[in-house]
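K.L.:
Handing over entry29.txt, compact mmCIF, C-alpha atoms.
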# COMPACT_ATOMS: atom_id res chain seq x y z
CA MET J 1 19.39 -20.13 -36.80
CA TRP J 2 16.62 -21.00 -34.34
CA ARG J 3 15.76 -18.42 -31.77
CA SER J 4 13.50 -18.99 -28.79
CA THR J 5 10.74 -16.45 -28.34
CA ARG J 6 8.14 -16.29 -25.63
CA ARG J 7 4.86 -15.53 -27.32
CA ARG J 8 1.45 -15.33 -25.72
CA PHE J 9 -1.83 -14.84 -27.45
CA MET J 10 -3.96 -13.47 -24.63
CA ALA J 11 -3.44 -10.23 -22.80
CA ARG J 12 -3.25 -10.35 -19.02
CA ILE J 13 -4.23 -7.71 -16.50
CA PHE J 14 -1.77 -7.08 -13.65
CA VAL J 15 -3.03 -5.14 -10.64
CA ASP J 16 -0.66 -3.45 -8.21
CA ALA J 17 -3.16 -4.47 -5.53
CA ASP J 18 -1.82 -2.86 -2.36
CA ALA J 19 -4.03 0.21 -1.79
CA CYS J 20 -5.76 -0.23 -5.17
CA PRO J 21 -9.28 1.26 -5.10
CA VAL J 22 -10.49 -0.46 -8.30
CA LYS J 23 -9.93 -4.19 -7.76
CA GLU J 24 -13.61 -5.14 -8.11
CA GLU J 25 -14.09 -3.03 -11.24
CA THR J 26 -10.98 -4.51 -12.81
CA GLU J 27 -12.18 -8.03 -12.07
CA ARG J 28 -15.51 -7.33 -13.80
CA VAL J 29 -13.71 -6.16 -16.95
CA ALA J 30 -11.30 -9.12 -16.89
CA VAL J 31 -14.19 -11.58 -16.56
CA ARG J 32 -16.20 -9.89 -19.30
CA HIS J 33 -13.28 -10.36 -21.71
CA GLY J 34 -12.17 -13.76 -20.35
CA LEU J 35 -8.71 -12.46 -19.41
CA ARG J 36 -6.41 -13.69 -16.68
CA MET J 37 -6.02 -11.13 -13.90
CA LEU J 38 -3.12 -11.18 -11.45
CA MET J 39 -3.55 -9.23 -8.21
CA VAL J 40 -0.06 -8.71 -6.82
CA SER J 41 0.44 -7.65 -3.21
CA ASN J 42 2.44 -8.18 -0.03
CA GLY J 43 -0.59 -9.89 1.52
CA GLY J 44 -3.73 -8.79 3.27
CA ILE J 45 -5.82 -9.04 0.10
CA ARG J 46 -8.72 -11.49 0.12
CA PRO J 47 -8.33 -13.91 -2.81
CA SER J 48 -11.11 -13.97 -5.38
CA GLN J 49 -13.13 -17.14 -5.95
CA ASN J 50 -13.07 -16.45 -9.69
CA PRO J 51 -10.78 -18.89 -11.56
CA LEU J 52 -9.59 -16.08 -13.86
CA VAL J 53 -8.28 -14.07 -10.92
CA GLU J 54 -5.01 -15.15 -9.34
CA SER J 55 -3.66 -13.63 -6.15
CA VAL J 56 0.12 -13.34 -6.13
CA PHE J 57 1.67 -12.69 -2.74
CA VAL J 58 5.26 -11.43 -2.78
CA ALA J 59 7.74 -11.08 0.07
CA ALA J 60 7.32 -8.15 2.40
CA GLY J 61 9.60 -5.28 1.57
CA PRO J 62 9.71 -2.08 -0.41
CA ASP J 63 8.74 -2.42 -4.05
CA GLU J 64 8.59 -6.24 -4.07
CA ALA J 65 5.20 -6.24 -5.81
CA ASP J 66 6.50 -3.67 -8.30
CA LYS J 67 9.55 -5.80 -9.07
CA TRP J 68 7.42 -8.89 -9.64
CA ILE J 69 5.02 -7.07 -11.96
CA ALA J 70 7.87 -5.47 -13.92
CA ASP J 71 9.50 -8.87 -14.39
CA GLN J 72 6.29 -10.55 -15.57
CA ALA J 73 4.37 -7.95 -17.62
CA GLY J 74 5.14 -7.67 -21.30
CA PRO J 75 3.79 -6.71 -24.70
CA GLY J 76 0.02 -6.80 -24.88
CA ASP J 77 -0.45 -6.78 -21.10
CA VAL J 78 -2.35 -4.15 -19.13
CA VAL J 79 -1.05 -2.97 -15.76
CA VAL J 80 -3.24 -1.15 -13.26
CA THR J 81 -1.14 1.06 -10.99
CA GLY J 82 -0.69 4.58 -9.74
CA ASP J 83 3.04 4.01 -9.21
CA ILE J 84 4.81 6.08 -11.88
CA PRO J 85 8.26 4.43 -11.67
CA LEU J 86 6.57 1.01 -12.00
CA ALA J 87 4.57 2.35 -14.93
CA ALA J 88 7.76 3.45 -16.67
CA ARG J 89 9.33 0.01 -16.19
CA VAL J 90 6.38 -1.96 -17.57
CA ILE J 91 5.88 0.45 -20.46
CA ALA J 92 9.53 -0.09 -21.40
CA GLY J 93 8.68 -3.81 -21.50
CA GLY J 94 5.75 -3.25 -23.86
CA ALA J 95 2.76 -3.11 -21.49
CA VAL J 96 0.14 -0.36 -21.24
CA VAL J 97 -0.73 1.25 -17.90
CA VAL J 98 -4.09 2.46 -16.66
CA LYS J 99 -4.02 4.62 -13.54
CA HIS J 100 -6.89 4.49 -11.04
CA ASN J 101 -8.23 7.82 -12.28
CA GLY J 102 -8.46 6.64 -15.90
CA ASP J 103 -5.22 8.12 -17.21
CA VAL J 104 -3.64 5.80 -19.76
CA LEU J 105 0.16 5.80 -19.77
CA THR J 106 2.14 4.68 -22.82
CA ASP J 107 5.57 5.21 -24.28
CA ARG J 108 4.26 8.46 -25.78
CA ASN J 109 3.47 10.19 -22.48
CA ILE J 110 5.42 8.44 -19.70
CA GLY J 111 8.41 10.79 -20.03
CA ASN J 112 6.29 13.85 -19.24
CA VAL J 113 4.53 12.06 -16.39
CA LEU J 114 7.87 11.03 -14.85
CA ALA J 115 9.25 14.56 -15.20
CA THR J 116 6.15 16.06 -13.54
CA ARG J 117 6.37 13.53 -10.70
CA ASP J 118 10.03 14.38 -10.11
CA LEU J 119 9.33 18.13 -10.22
CA MET J 120 6.53 17.84 -7.69
CA ALA J 121 8.73 15.73 -5.40
CA ASP J 122 11.44 18.41 -5.57
CA LEU J 123 8.90 21.14 -4.77
CA ARG J 124 7.57 19.20 -1.77
CA TRP J 125 11.12 18.64 -0.52
CA ALA J 126 12.01 22.33 -0.91
CA ASP J 127 8.86 23.64 0.79
CA PRO J 128 7.75 21.80 3.93
CA PHE J 129 4.41 23.64 3.78
CA ARG J 130 3.63 22.13 0.37
CA GLN J 131 2.74 18.77 1.88
CA GLY J 132 -0.51 16.92 1.91
CA GLY J 133 -2.39 14.36 -0.05
CA GLY J 134 -4.40 14.69 -3.19
CA ARG J 135 -8.12 14.95 -3.51
CA PRO J 136 -10.39 12.04 -2.53
CA TYR J 137 -11.15 9.30 -5.06
CA SER J 138 -14.48 10.16 -6.68
CA LYS J 139 -17.28 8.46 -8.62
CA ALA J 140 -16.10 10.40 -11.67
CA ASP J 141 -12.59 8.94 -11.26
CA ARG J 142 -14.08 5.44 -11.04
CA SER J 143 -16.16 6.04 -14.16
CA ARG J 144 -13.17 7.39 -16.12
CA TYR J 145 -11.13 4.39 -14.97
CA LEU J 146 -13.72 1.87 -16.15
CA GLU J 147 -14.04 3.60 -19.52
CA ALA J 148 -10.27 3.73 -20.03
CA LEU J 149 -9.71 0.13 -18.90
CA GLU J 150 -12.44 -1.14 -21.23
CA ARG J 151 -10.90 0.76 -24.16
CA VAL J 152 -7.35 -0.49 -23.42
CA VAL J 153 -8.50 -4.09 -22.88
CA ARG J 154 -10.46 -4.13 -26.13
CA ALA J 155 -7.38 -2.89 -27.99
CA ALA J 156 -5.19 -5.52 -26.30
CA VAL J 157 -7.64 -8.32 -27.14
CA ALA J 158 -7.92 -7.14 -30.74
CA ALA J 159 -4.13 -7.03 -31.11
CA GLY J 160 -3.63 -10.46 -29.51
How does this structure look as structure tokens?

P.N.:
Amino acid sequence: MWRSTRRRFMARIFVDADACPVKEETERVAVRHGLRMLMVSNGGIRPSQNPLVESVFVAAGPDEADKWIADQAGPGDVVVTGDIPLAARVIAGGAVVVKHNGDVLTDRNIGNVLATRDLMADLRWADPFRQGGGRPYSKADRSRYLEALERVVRAAVAAG
């Protein structure tokens, strides 16, 4: 019995580009490894002149970029996002996630990350004084991100 399978040999890097602080760094890593990079957003992102970098503009609306990435990313792909529900969806599809601070999310740790996210959301809802943003994005975060992305991309290239 013949069965159709979609198989790719090169990893791709998907970037949840709306409000992403590491687009330039990600492009440098993608170019260094000769990987296709897809920057997905609702618009307002300046397209790159690099032929390896493709800008994908999705319809305006909540989570449209997330839906597109989740539908397209698969085994061997790397997704750059800080969106935990999106991370869970692409990990279920076989991709690896690198957050902007350098945290790498896989099937081994996404359950705990989701549970922590939900707990913190419940605490913020229960206590109106527990609001506020996180700390500012730092040079150390950027450095950790680059190190983690390089490590994950090398593993993806080696596996492909």

K.L.:
So which residues touch region 16-33 of chain J within 8 Å, counting all atoms listed in the file, skipping near sequence neighbours fewer than 2 positions away, as a list in words?

P.N.:
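In the requested form, the answer reads Ile13, Phe14, Leu35, Arg36, Met37, Met39, Val40, Ser41, Asn42, Ile45, Leu52, Val53, Ala65, Asp66, Ile69, Val79, Val80, Thr81, His100, Arg142, Leu146, Leu149, Glu150 and Val153 of chain J.
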
K.L.:
Counting only C-alpha atoms, what is within 8 Å of Ala11 (chain J), bar same-chain residues fewer than 3 positions away, as a JSON list (two decimals) with C-alpha atoms, in the coordinates of the input?

P.N.:
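Below you can see result17.json, which holds the result:
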[["chain", "number", "residue", "atom", "x", "y", "z"],
["J", 8, "ARG", "CA", 1.45, -15.33, -25.72],
["J", 35, "LEU", "CA", -8.71, -12.46, -19.41],
["J", 36, "ARG", "CA", -6.41, -13.69, -16.68],
["J", 76, "GLY", "CA", 0.02, -6.80, -24.88],
["J", 77, "ASP", "CA", -0.45, -6.78, -21.10],
["J", 78, "VAL", "CA", -2.35, -4.15, -19.13],
["J", 153, "VAL", "CA", -8.50, -4.09, -22.88],
["J", 156, "ALA", "CA", -5.19, -5.52, -26.30],
["J", 157, "VAL", "CA", -7.64, -8.32, -27.14],
["J", 160, "GLY", "CA", -3.63, -10.46, -29.51]]

K.L.:
Just give me the gap between CA of Val104 (chain J) and CA of Pro85 (chain J) in Å, one decimal is fine.

P.N.:
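Computing it gives 14.5 Å between the two atoms.
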
K.L.:
Measure the distance from CA of Gly94 (chain J) to CA of Ala73 (chain J) in Å and round it to one decimal.

P.N.:
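The value is 7.9 Å.
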
K.L.:
For CA of Trp68 (chain J) and CA of Asp83 (chain J), determine how far apart the two atoms are, in Å to one decimal place.

P.N.:
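Pair CA of Trp68 (chain J) / CA of Asp83 (chain J) returns 13.6 Å.
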
K.L.:
Using all atoms listed in the file, which of J:Val98, J:Ala60, J:Ala159, J:Ile110 sits nearest Gly82 (chain J)?

P.N.:
J:Val98

K.L.:
Could you check the closest approach to Asn101 (chain J) for each of J:Gly44, J:Ala148, J:Ala70, J:Leu86 and tell me which residue wins, using only C-alpha atoms?

P.N.:
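For Asn101 (chain J), the nearest of the candidates is J:Ala148.
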
K.L.:
Looking at all atoms listed in the file, which of J:Ala140, J:Val152, J:Ala92, J:Val15 is the one that sits closest to Val56 (chain J)?

P.N.:
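For Val56 (chain J), the nearest of the candidates is J:Val15.
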
K.L.:
Please report, as lines of an AutoDock Vina configuration file, the centre and edge lengths in Å to one decimal of an axis-aligned box covering all listed atoms of region 64-81 of chain J with 3 Å per side.

P.N.:
center_x = 3.2
center_y = -4.7
center_z = -14.5
size_x = 18.8
size_y = 17.6
size_z = 26.8
